[in-house]
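Worksheet: the structure to be examined is printed underneath.
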There are 2 protein chains.
Amino acid sequence: MTRAQGPPLATPDRAMLPGRRGGPALDVPSLVARARTWDPRAVGRLISMVENAGPELREVAAALAPHTGRAQVIGLTGPPGVGKSTTTTALVRSLRARDRRVGVLAVDPSSPFSGGALLGDRVRMQAHSGDRDVYIRSMATRGRLGGLAPATPQALRVLDAAGCDIVLVETVGGGQSELEIASLADTTLVLMAPGMGDGIQAAKAGILEVADIFVVNKADREGADQTVGDLRAMLSLGGRHAEPGAWRPPIIKTVASQEGDSGIDEVLDRLDEHRAWLASSGEGHRRRTDHVRREIEAIAIAGLRERLGNVHWSATLSSLAASVVAGETNPYRAADDLLGAL
Amino acid sequence: MTRAQGPPLATPDRAMLPGRRGGPALDVPSLVARARTWDPRAVGRLISMVENAGPELREVAAALAPHTGRAQVIGLTGPPGVGKSTTTTALVRSLRARDRRVGVLAVDPSSPFSGGALLGDRVRMQAHSGDRDVYIRSMATRGRLGGLAPATPQALRVLDAAGCDIVLVETVGGGQSELEIASLADTTLVLMAPGMGDGIQAAKAGILEVADIFVVNKADREGADQTVGDLRAMLSLGGRHAEPGAWRPPIIKTVASQEGDSGIDEVLDRLDEHRAWLASSGEGHRRRTDHVRREIEAIAIAGLRERLGNVHWSATLSSLAASVVAGETNPYRAADDLLGAL
């Protein structure tokens, strides 16, 4: 899966899709049917459709809906340099050893996976061991702040419908992405590494609240116990983890490297425990409903923005703005007029 | 104006306002009338009203509208450490020497001015020289990314209506604030300092496009000419500045310090030139209309969000979200249903 293990089996989106190179074009229901048999080209095509937000987006969303809800979505975040990509690789390896089907969405611009996006091979399959049960896809990030692409929830649904047991979403920490990842993942893994005082500071600012499991990676380095102690001290300060029946985020030390991993199996055990807790506590359903609420709201507001962008409303808006500049009205009154007219 | 020159004449909002301490409460039209006579307490009270987005917000906006449009709004941004606050102080000093009435809105959380917000003295007047023609106000920033407060455009209108010739808005660079500042300023000043390679990198990412005037501050330090050269090289690459009739951003070297300033008068001359160019080219009106368009749009969308937050729509949204989680519908359909119901 890593570059050191040989070039990935690239299946560029445009080159090998049904409907190009002479084959018949597939409609959305056929693509979804194929994706559900784990056809990587159909999966890739569907993700491209939701990512491009083209005319098929709504049809894809409707066709996927009945087949979703099974996969566990795991968000993986942490400051740059903690080893997110290596850990993702190690997690995939161990999940495969447990015979789970795995999807990876890489939204970290610094990740070698999403680095691929820059090189143009947007769809890549794991090459080594002939393992076809891993699907890796990079997503374009939204703007330079590294926020998640708006299509990410739908891309997750494609992989879910295609039969993934686990979908890992890897994103860079900092900016808003660690909070955004918690708004789409069932379980959020936060990676730290020894000697990252800043990382812990960042954690205080927001990561701490969203973490379900802490991983202190590079635990063979000096300062690992200090980092674990710092995290434990912060967790002991309370917050949502202190409530009765609440999940107490475990802190796991790992060493993920190409030579071998340690601690990764414990991470998987804790992920299973967290999944069981999500189900038994009702928190899993509550989270998913909350995430979808936000998603619907975001789509509704984006729809409104889109309407405002069309020629008619754009002219209305310009004329209202000119009245405000002339001092004839004020922006609040103008906004009322605009919404009233819409 | 700086702390070294003695404590500012603090006029805490709540302590000295009309309507407290026994005096009669003033209605919005009376407050606006008083603000127009440059009564600092009325100015402060009006800014608090728009900042708190209380029930009077719309009335304040309506009462201000006929009296706005005269002040030149100057945005001042740049990476941390370039000396934005010292430069603001120096600009205010020179503007006063030219007998201009000046307002300052500090939205930089690292600024000693807005630092005052944390200490509770939200309204401060310049103490030294008995100069009452400077009004300094810190604005709360929106979230940890340091974006501008949503009330900033209305706070500008308060100062504009109160008769400021110039309103300086000081914000920290990085994040989105340097782009946001360009979406409310007539003229955007971007500060750099020698030896800030990263600063120039940041400039490439966005500041360059929004700058009307570059100031290389701390120009007595080594590397100032290099920084000027780097900026000049980037400007020569084209962009909007290369079009015929376009404004070519000047690059001015300054040394702003408590011991004395150099280059600041040239900055003021260029600001006057830019103001004249904005008027003669029509760009000034185009900018203001564009800014107000965005403002109206933001208010309309915030209004929609607010509606979504009320009990009735919140319940509708939850029930739609539950249907999506159950696979009975999809988020796009749900968003349509929601907008239809609204």
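Chain labels follow the order of the structure tokens: the first chain is A, the next B, and so on; residue numbering restarts at 1 in every chain, and ligands are counted from 1 in their shown order.
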- request: Would you kindly return, as a list in words, each protein, DNA or RNA residue with an atom no farther than 12 Å from any atom of Gly309 (chain A), considering only C-alpha atoms and excluding same-chain residues fewer than 5 positions away?
  value: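 Here the qualifying residues turn out to be Ala302, Gly303, Leu304, Ser314, Ala315, Thr316, Leu317 and Ser318 of chain A; Arg293, Arg294 and Glu297 of chain B.
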Include C-alpha atoms and write out the residues we just selected as a compact mmCIF listing (two decimals), in the first residue's frame.
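Below you can see again_25.txt, which holds the result:
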# COMPACT_ATOMS: atom_id res chain seq x y z
CA ALA A 302 -25.70 25.70 -0.13
CA GLY A 303 -28.86 25.40 -2.21
CA LEU A 304 -29.94 28.84 -1.12
CA SER A 314 -27.87 38.24 -8.51
CA ALA A 315 -29.42 41.30 -10.17
CA THR A 316 -31.85 41.73 -7.26
CA LEU A 317 -28.98 41.52 -4.81
CA SER A 318 -26.92 44.08 -6.73
CA ARG B 293 -23.82 42.39 -1.55
CA ARG B 294 -21.82 39.92 0.50
CA GLU B 297 -26.17 37.61 1.58
Show me, as a list in words, the residues of chain B whose atoms get within 6 Å of chain A, using only C-alpha atoms for the distance check.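 Filtering chain B at 6 Å from chain A with only C-alpha atoms gives Ala61, Ala62, Ala65, Pro66, Thr289, Val292, Arg293, Ile296, Ala300, Ala321, Ala322, Gly327, Asn330, Pro331 and Ala335 of chain B.
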Residues from the last selection, C-alpha atoms, saved as a PDB file, in the first residue's frame:
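In the end it all went to result_32.pdb:
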ATOM      1  CA  ALA B  61     -28.940  49.961  11.187  1.00  0.00           C
ATOM      2  CA  ALA B  62     -31.948  51.875   9.839  1.00  0.00           C
ATOM      3  CA  ALA B  65     -28.116  54.338   6.968  1.00  0.00           C
ATOM      4  CA  PRO B  66     -28.729  57.948   5.853  1.00  0.00           C
ATOM      5  CA  THR B 289     -21.480  47.608  -3.660  1.00  0.00           C
ATOM      6  CA  VAL B 292     -22.594  45.175   0.763  1.00  0.00           C
ATOM      7  CA  ARG B 293     -23.817  42.386  -1.552  1.00  0.00           C
ATOM      8  CA  ILE B 296     -26.706  41.200   2.691  1.00  0.00           C
ATOM      9  CA  ALA B 300     -29.940  36.498   4.810  1.00  0.00           C
ATOM     10  CA  ALA B 321     -32.273  13.316   9.746  1.00  0.00           C
ATOM     11  CA  ALA B 322     -33.709  10.209  11.390  1.00  0.00           C
ATOM     12  CA  GLY B 327     -32.131   4.816   4.775  1.00  0.00           C
ATOM     13  CA  ASN B 330     -31.316  10.929   1.328  1.00  0.00           C
ATOM     14  CA  PRO B 331     -29.899  14.233   2.530  1.00  0.00           C
ATOM     15  CA  ALA B 335     -32.823  19.456   2.194  1.00  0.00           C
TER      16      ALA B 335
END
For Leu105 (chain A), list every protein, DNA or RNA residue within 8 Å, evaluated using only C-alpha atoms, and leave out those in the same chain fewer than 5 positions away; present the list as number ranges by chain.
A: 136-139, 156, 167-170
Excluding Asp133 (chain B) and residues on its chain fewer than 2 positions from it, collect all residues at most 8 Å away from it, counting only C-alpha atoms, and give them as a PyMOL selection string.
chain B and resi 96+100-102+131+135
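Comparing the minimum interatomic distances between Leu184 (chain A) and each of A:Gly54, A:Val92, A:Val134, A:Leu76, counting only C-alpha atoms, we find that A:Leu76 sits nearest.
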